[in-house]
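**Student:** Quick one, run.txt (compact mmCIF, C-alpha atoms):
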```
# COMPACT_ATOMS: atom_id res chain seq x y z
CA MET W 363 132.80 93.37 119.83
CA ASN W 364 132.37 90.54 122.35
CA LYS W 365 128.81 89.33 122.56
CA TYR W 366 127.04 87.37 125.27
CA ILE W 367 124.66 84.99 123.49
CA CYS W 368 122.20 82.51 124.97
CA GLU W 369 120.13 80.09 122.86
CA GLY W 370 117.35 77.72 123.76
CA PHE W 371 113.94 76.27 123.01
CA VAL W 372 110.55 77.15 124.43
CA PRO W 373 107.90 74.40 124.63
CA PHE W 374 104.86 75.47 122.60
CA GLY W 375 102.10 72.89 122.72
CA HIS W 376 103.26 69.91 120.66
CA TYR W 377 106.01 72.08 119.17
CA GLN W 378 109.02 74.10 120.24
CA THR W 379 110.21 77.64 119.49
CA TYR W 380 113.90 78.40 119.05
CA TYR W 381 115.08 81.66 120.63
CA ARG W 382 118.35 83.57 120.71
CA VAL W 383 119.17 86.23 123.32
CA VAL W 384 122.03 88.69 122.87
CA GLY W 385 123.37 90.68 125.83
CA LYS W 386 122.98 90.48 129.58
CA LYS W 387 120.07 91.61 131.71
CA THR W 388 120.13 95.29 132.68
CA LYS W 389 117.56 97.73 134.09
CA ASN W 390 116.54 98.55 130.52
CA PRO W 391 113.64 96.58 129.01
CA PRO W 392 114.67 94.07 126.31
CA LEU W 393 113.84 94.39 122.62
CA ILE W 394 111.85 91.55 121.04
CA LEU W 395 112.45 91.16 117.30
CA LEU W 396 109.73 89.71 115.06
CA HIS W 397 111.02 88.48 111.71
CA GLY W 398 109.29 88.67 108.36
CA GLY W 399 107.92 86.13 105.95
CA PRO W 400 106.06 84.37 107.35
CA GLY W 401 108.99 82.00 107.30
CA SER W 402 112.05 84.24 106.89
CA THR W 403 113.82 83.17 110.17
CA HIS W 404 115.68 85.32 112.69
CA ASN W 405 119.02 85.19 110.83
CA TYR W 406 119.08 88.69 109.35
CA PHE W 407 118.37 90.24 112.76
CA GLU W 408 121.87 89.20 113.81
CA MET W 409 122.90 92.33 111.86
CA LEU W 410 121.53 94.22 114.91
CA ASP W 411 123.46 92.30 117.59
CA ASP W 412 125.54 95.34 118.53
CA ILE W 413 122.37 97.12 119.67
CA ALA W 414 122.58 95.02 122.85
CA GLU W 415 125.76 96.79 123.96
CA MET W 416 124.94 100.13 122.33
CA SER W 417 121.65 100.42 124.23
CA GLN W 418 122.57 98.27 127.27
CA ARG W 419 119.71 95.77 126.97
CA LYS W 420 118.93 92.25 125.85
CA LEU W 421 117.87 91.53 122.29
CA ILE W 422 115.46 88.62 121.96
CA MET W 423 114.99 87.06 118.53
CA TYR W 424 113.36 83.78 117.60
CA ASP W 425 112.28 81.59 114.70
CA GLN W 426 108.52 81.53 114.37
CA LEU W 427 106.74 78.20 114.06
CA GLY W 428 107.25 76.83 110.55
CA CYS W 429 110.84 77.90 109.90
CA GLY W 430 114.44 77.92 111.06
CA TYR W 431 115.30 75.91 114.16
CA SER W 432 111.72 75.92 115.43
CA SER W 433 109.25 73.15 114.74
CA ILE W 434 108.12 72.86 111.13
CA PRO W 435 104.89 70.84 111.27
CA ASP W 436 104.27 68.57 108.30
CA ASN W 437 100.79 68.36 106.81
CA GLU W 438 99.38 70.75 109.42
CA ARG W 439 98.89 73.85 107.34
CA ASN W 440 95.97 74.99 109.51
CA CYS W 441 98.49 76.01 112.20
CA TYR W 442 100.08 78.59 109.88
CA LYS W 443 97.85 81.52 110.79
CA ALA W 444 97.93 84.72 112.81
CA GLY W 445 96.34 83.22 115.91
CA THR W 446 99.04 80.56 116.21
CA TRP W 447 101.90 83.03 115.84
CA LEU W 448 100.27 85.43 118.34
CA ASP W 449 99.93 82.57 120.83
CA GLU W 450 103.58 81.68 120.20
CA LEU W 451 104.70 85.25 120.92
CA GLU W 452 102.71 85.37 124.16
CA ASN W 453 104.12 81.97 125.12
CA LEU W 454 107.68 83.22 124.58
CA ILE W 455 107.04 86.37 126.65
CA THR W 456 105.64 84.26 129.51
CA PHE W 457 108.43 81.67 129.33
CA LEU W 458 111.15 84.33 129.51
CA GLY W 459 109.34 86.18 132.31
CA LEU W 460 109.31 89.53 130.53
CA GLU W 461 107.53 92.26 132.51
CA LYS W 462 108.34 95.16 130.17
CA PHE W 463 109.77 95.16 126.66
CA HIS W 464 110.04 96.99 123.35
CA LEU W 465 108.86 95.39 120.10
CA LEU W 466 110.36 95.56 116.60
CA GLY W 467 108.57 93.89 113.72
CA GLN W 468 109.93 93.78 110.17
CA SER W 469 107.60 93.17 107.19
CA TRP W 470 105.25 90.33 108.27
CA GLY W 471 106.75 90.71 111.75
CA GLY W 472 105.34 94.26 111.82
CA MET W 473 101.90 92.87 110.98
CA LEU W 474 102.31 90.45 113.88
CA ALA W 475 103.29 93.33 116.18
CA VAL W 476 100.26 95.37 115.09
CA MET W 477 97.88 92.46 115.69
CA TYR W 478 99.47 91.77 119.08
CA LEU W 479 99.13 95.41 120.16
CA CYS W 480 95.55 95.69 118.91
CA ASP W 481 94.10 92.27 119.76
CA ARG W 482 95.99 90.92 122.77
CA ASP W 483 96.95 92.18 126.25
CA ALA W 484 99.95 94.26 125.28
CA SER W 485 100.22 96.31 128.48
CA ALA W 486 103.85 95.22 128.94
CA ALA W 487 104.96 96.80 125.63
CA LYS W 488 106.70 100.18 126.04
CA SER W 489 107.19 101.07 122.38
CA VAL W 490 107.04 99.52 118.92
CA VAL W 491 109.21 99.84 115.81
CA LEU W 492 107.31 99.03 112.60
CA SER W 493 110.05 98.37 110.08
CA SER W 494 109.14 98.08 106.37
CA THR W 495 105.69 96.77 107.12
CA LEU W 496 101.98 97.45 106.48
CA SER W 497 98.57 97.97 108.02
CA SER W 498 96.49 96.98 104.97
CA ALA W 499 96.91 93.98 102.66
CA LYS W 500 94.72 95.70 100.05
CA LEU W 501 96.85 98.85 99.98
CA TRP W 502 100.03 96.76 99.91
CA ALA W 503 98.84 94.77 96.89
CA LYS W 504 97.68 97.95 95.12
CA GLU W 505 101.00 99.71 95.68
CA LEU W 506 103.07 96.71 94.60
CA HIS W 507 101.05 96.38 91.41
CA ARG W 508 101.85 100.05 90.81
CA LEU W 509 105.55 99.21 91.18
CA ILE W 510 105.18 96.30 88.75
CA LYS W 511 104.38 98.89 86.06
CA TYR W 512 108.01 100.03 86.21
CA LEU W 513 109.21 96.60 85.06
CA PRO W 514 109.89 95.85 81.37
CA THR W 515 106.68 95.11 79.44
CA ASP W 516 107.44 91.41 79.00
CA GLU W 517 107.95 91.00 82.75
CA GLN W 518 104.69 92.82 83.48
CA GLU W 519 102.90 90.44 81.12
CA ALA W 520 104.51 87.39 82.72
CA ILE W 521 103.31 88.45 86.18
CA LYS W 522 99.83 89.26 84.89
CA LYS W 523 99.57 85.87 83.19
CA ALA W 524 100.76 84.06 86.31
CA GLU W 525 98.10 85.76 88.42
CA GLU W 526 95.39 85.02 85.86
CA THR W 527 96.32 81.35 85.41
CA GLN W 528 97.56 80.77 88.99
CA ASN W 529 100.66 79.21 87.47
CA PHE W 530 103.57 80.60 89.46
CA LYS W 531 106.16 78.15 88.13
CA ASN W 532 106.56 79.49 84.60
CA PRO W 533 110.21 80.51 83.96
CA ALA W 534 109.17 83.89 82.54
CA TYR W 535 107.21 84.68 85.71
CA LEU W 536 110.03 83.47 87.97
CA LYS W 537 112.50 85.69 86.14
CA ALA W 538 110.18 88.71 86.43
CA ASN W 539 109.52 88.10 90.12
CA THR W 540 113.25 87.77 90.84
CA HIS W 541 113.87 91.10 89.11
CA PHE W 542 111.03 92.74 91.05
CA MET W 543 112.36 91.50 94.39
CA LYS W 544 115.89 92.64 93.54
CA LEU W 545 114.57 96.15 92.85
CA TYR W 546 112.42 96.51 95.96
CA ALA W 547 113.44 93.86 98.49
CA SER W 548 117.04 92.61 98.44
CA ASP W 549 119.81 90.97 96.46
CA ASP W 550 120.43 87.26 96.27
CA PRO W 551 121.63 86.30 99.79
CA LYS W 552 124.35 84.13 98.24
CA GLU W 553 125.95 87.29 96.83
CA SER W 554 126.06 89.06 100.20
CA HIS W 555 129.27 89.78 102.09
CA GLU W 556 127.43 89.28 105.40
CA GLU W 557 127.72 85.77 106.84
CA VAL W 558 124.36 86.02 108.61
CA LEU W 559 122.62 86.69 105.29
CA LYS W 560 124.26 84.01 103.17
CA ARG W 561 124.21 81.30 105.86
CA PRO W 562 121.93 78.40 104.80
CA LYS W 563 118.58 78.46 106.56
CA LYS W 564 115.30 76.57 106.67
CA SER W 565 112.86 79.04 105.17
CA GLY W 566 109.17 78.48 105.83
CA THR W 567 107.92 78.10 102.26
CA GLU W 568 104.75 76.29 103.30
CA SER W 569 103.93 78.81 106.02
CA TYR W 570 104.48 81.70 103.57
CA ILE W 571 102.26 80.28 100.85
CA THR W 572 99.57 79.23 103.31
CA ALA W 573 99.39 82.52 105.20
CA TRP W 574 100.33 85.07 102.53
CA GLY W 575 100.52 83.73 98.99
CA PRO W 576 102.82 82.85 96.06
CA ASN W 577 104.61 86.22 96.10
CA GLU W 578 104.60 89.62 97.79
CA TYR W 579 101.98 91.26 95.54
CA THR W 580 99.38 88.47 95.37
CA PRO W 581 98.06 88.04 98.93
CA GLN W 582 95.60 85.16 98.76
CA GLY W 583 96.41 83.21 101.90
CA ASN W 584 94.65 83.47 105.27
CA LEU W 585 96.28 86.87 105.93
CA SER W 586 94.77 88.40 102.78
CA ASP W 587 92.01 90.00 104.88
CA TYR W 588 94.54 91.77 107.12
CA GLU W 589 93.11 95.31 107.43
CA TYR W 590 94.31 97.14 110.54
CA THR W 591 94.65 100.79 109.51
CA ALA W 592 91.45 101.79 111.32
CA LYS W 593 92.56 99.86 114.42
CA LEU W 594 95.93 101.61 114.74
CA SER W 595 94.30 104.26 116.92
CA LYS W 596 94.30 101.61 119.68
CA ILE W 597 98.11 101.69 119.81
CA LYS W 598 98.87 104.49 122.28
CA ILE W 599 102.52 103.63 122.97
CA PRO W 600 105.26 105.42 121.01
CA ALA W 601 105.60 103.97 117.51
CA LEU W 602 108.52 104.40 115.12
CA VAL W 603 107.69 103.70 111.46
CA VAL W 604 110.77 102.85 109.38
CA SER W 605 110.96 102.29 105.63
CA GLY W 606 113.24 102.61 102.62
CA ILE W 607 112.75 104.86 99.62
CA ASN W 608 112.63 101.81 97.28
CA ASP W 609 110.88 99.55 99.75
CA LEU W 610 108.06 97.08 99.20
CA SER W 611 106.62 99.15 102.03
CA THR W 612 106.23 102.19 99.81
CA PRO W 613 106.14 105.74 101.21
CA LEU W 614 102.34 105.68 100.88
CA VAL W 615 102.10 102.42 102.84
CA ALA W 616 104.43 103.77 105.54
CA LYS W 617 102.77 107.19 105.76
CA THR W 618 99.34 105.56 106.03
CA MET W 619 100.53 103.83 109.20
CA ALA W 620 102.30 106.88 110.60
CA ASP W 621 99.22 109.06 110.08
CA ALA W 622 96.89 106.55 111.75
CA LEU W 623 99.06 105.96 114.83
CA PRO W 624 98.35 108.42 117.69
CA ASN W 625 101.97 108.68 118.86
CA SER W 626 104.27 108.05 115.90
CA GLU W 627 107.43 109.13 114.13
CA TRP W 628 108.44 108.07 110.61
CA HIS W 629 111.99 107.70 109.33
CA LEU W 630 112.49 107.20 105.60
CA PHE W 631 115.90 105.76 104.62
CA ALA W 632 117.08 107.37 101.39
CA ASN W 633 119.31 104.51 100.22
CA SER W 634 117.37 101.38 101.14
CA ARG W 635 114.93 98.83 99.87
CA HIS W 636 113.05 96.42 102.17
CA MET W 637 115.85 96.03 104.71
CA PRO W 638 117.27 99.38 105.86
CA PHE W 639 118.77 97.59 108.87
CA VAL W 640 121.04 95.80 106.39
CA GLU W 641 121.57 98.42 103.68
CA GLU W 642 122.06 101.35 106.06
CA ASN W 643 123.04 99.29 109.07
CA LYS W 644 125.02 101.80 111.13
CA LYS W 645 122.50 104.59 110.63
CA TYR W 646 119.65 102.22 111.48
CA MET W 647 121.35 101.07 114.67
CA LYS W 648 122.06 104.66 115.74
CA ILE W 649 118.42 105.67 115.23
CA LEU W 650 117.14 102.53 116.95
CA THR W 651 119.47 102.98 119.93
CA GLU W 652 118.32 106.57 120.44
CA TRP W 653 114.69 105.55 120.07
CA LEU W 654 114.96 102.81 122.69
CA LYS W 655 116.77 105.05 125.20
CA ASN W 656 114.18 107.81 124.74
CA ASN W 657 111.30 105.39 125.37
CA ASP W 658 112.61 103.21 128.21
```
Would you mind writing the structure in this file as structure tokens?
**Tutor:**
Amino acid sequence: MNKYICEGFVPFGHYQTYYRVVGKKTKNPPLILLHGGPGSTHNYFEMLDDIAEMSQRKLIMYDQLGCGYSSIPDNERNCYKAGTWLDELENLITFLGLEKFHLLGQSWGGMLAVMYLCDRDASAAKSVVLSSTLSSAKLWAKELHRLIKYLPTDEQEAIKKAEETQNFKNPAYLKANTHFMKLYASDDPKESHEEVLKRPKKSGTESYITAWGPNEYTPQGNLSDYEYTAKLSKIKIPALVVSGINDLSTPLVAKTMADALPNSEWHLFANSRHMPFVEENKKYMKILTEWLKNND
């Protein structure tokens, strides 16, 4: 399928934000995609490029500050926080002159979408897709520690010891964490058949550790106090909650969001982990296309 793609950079204070737009302008509001991490880059969202033609709208994806082609500040860890990334999103929206749009946030990107909709002027947003994400860091950590109990005993012990000693470099821990992520997140990107997944990228390791923590189940960065379940009632626009059956975003995490949102639907993918848009790509795109058309 032929794709119209435009790339560029948005000035953001002393920094710059890389963005990538797929598709041409139509009467339909564009879809802004917020990637995970923090620090995971936009790359995997290129799996959704065909949505631009399928739904006749622009797709707007970008690398958040601290990763990818965007600025990666050295020795300025205090910029890796929610407020900065919210300002960056608003700056992008203003720069591109977006009057109406849909939002899709995956994992950390869903947290960013929730905070934007609850804490900023989000009157231009028509709908939101919360893909494999969370509304409570405490519930997330509790659920992931429940999943850790399904690992072999030696791997459970390695993770427990790492958390107790704060030594996350021990080979036994690294092996256990890799196994955990393979079960509930994704395979090694190098083993993927998809070019967009195995393409080398500048991941935001410093932004991830600073804002979240050393791994998915030990939130101890500046986002560790992220508790938005009670605030979800503020989000009146249509919300689609998406998750996989073996997702880091467990069914309890996903249902907690769906129940707290006033105008929500929840779709559980039966054959996916943390990235249904990769593992059940065609089904995901079909559901997303229908959702966007129904909420334009």
**Student:** Could you pull the residues within 6 Å of segment 466-475 of chain W, counting all atoms listed in the file, minus those fewer than 2 positions along the same chain, as a PyMOL selection string?
**Tutor:** chain W and resi 395-399+477-478+490-495
**Student:** Name all residues at most 12 Å from Glu461 of chain W (count only C-alpha atoms; drop same-chain ones fewer than 5 positions away) and give them as a list in words.
**Tutor:**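 The filter keeps Lys389, Asn390, Pro391, Pro392, Leu393, Glu452, Ile455, Thr456, Ala484, Ser485, Ala486, Ala487 and Lys488 of chain W.
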**Student:** Find the distance between atom CA of Tyr406 of chain W and atom CA of Cys480 of chain W and write it in Å to one decimal.
**Tutor:**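 About the pair atom CA of Tyr406 of chain W and atom CA of Cys480 of chain W: they are 26.3 Å apart.
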**Student:** Find the residues of segment 430-480 of chain W that sit at most 10 Å from segment 559-583 of chain W; for each, write down the nearest two atoms and how far apart they are in Å, to one decimal. Count all atoms listed in the file. Sort by chain, then by number going up, and give it as a Markdown table.
**Tutor:**
```
| residue | atom | partner | partner_atom | distance |
| --- | --- | --- | --- | --- |
| W:Gly430 | CA | W:Lys564 | CA | 4.7 |
| W:Tyr431 | CA | W:Lys564 | CA | 7.5 |
| W:Ser432 | CA | W:Lys564 | CA | 9.5 |
| W:Ile434 | CA | W:Gly566 | CA | 7.8 |
| W:Pro435 | CA | W:Ser569 | CA | 9.6 |
| W:Asp436 | CA | W:Glu568 | CA | 9.2 |
| W:Asn437 | CA | W:Glu568 | CA | 9.5 |
| W:Glu438 | CA | W:Glu568 | CA | 9.8 |
| W:Arg439 | CA | W:Thr572 | CA | 6.8 |
| W:Asn440 | CA | W:Thr572 | CA | 8.3 |
| W:Cys441 | CA | W:Ser569 | CA | 8.7 |
| W:Tyr442 | CA | W:Ser569 | CA | 5.5 |
| W:Lys443 | CA | W:Ala573 | CA | 5.9 |
| W:Ala444 | CA | W:Ala573 | CA | 8.1 |
| W:Trp470 | CA | W:Trp574 | CA | 9.2 |
```
**Student:** If I take atom CA of Val383 of chain W and atom CA of Lys648 of chain W, how far is one from the other in Å, to one decimal?
**Tutor:**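 Going from atom CA of Val383 of chain W over to atom CA of Lys648 of chain W, I get 20.1 Å.
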**Student:** Which is closer to Arg635 of chain W than all the others in W:Thr618, W:Thr515, W:Ser497, W:Asn608, using all atoms listed in the file?
**Tutor:** W:Asn608
**Student:** Quick one: of W:Ser498, W:Asn643, W:Thr651, W:Asn453, who's nearest to Ala616 of chain W, counting all atoms listed in the file?
**Tutor:**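 For Ala616 of chain W, the nearest of the given residues is W:Ser498.
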**Student:** Between W:Lys552, W:Thr527, W:Glu519, W:Leu496, which residue has the minimum interatomic distance to Pro613 of chain W, considering all atoms listed in the file?
**Tutor:**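 Smallest distance to Pro613 of chain W is found for W:Leu496.
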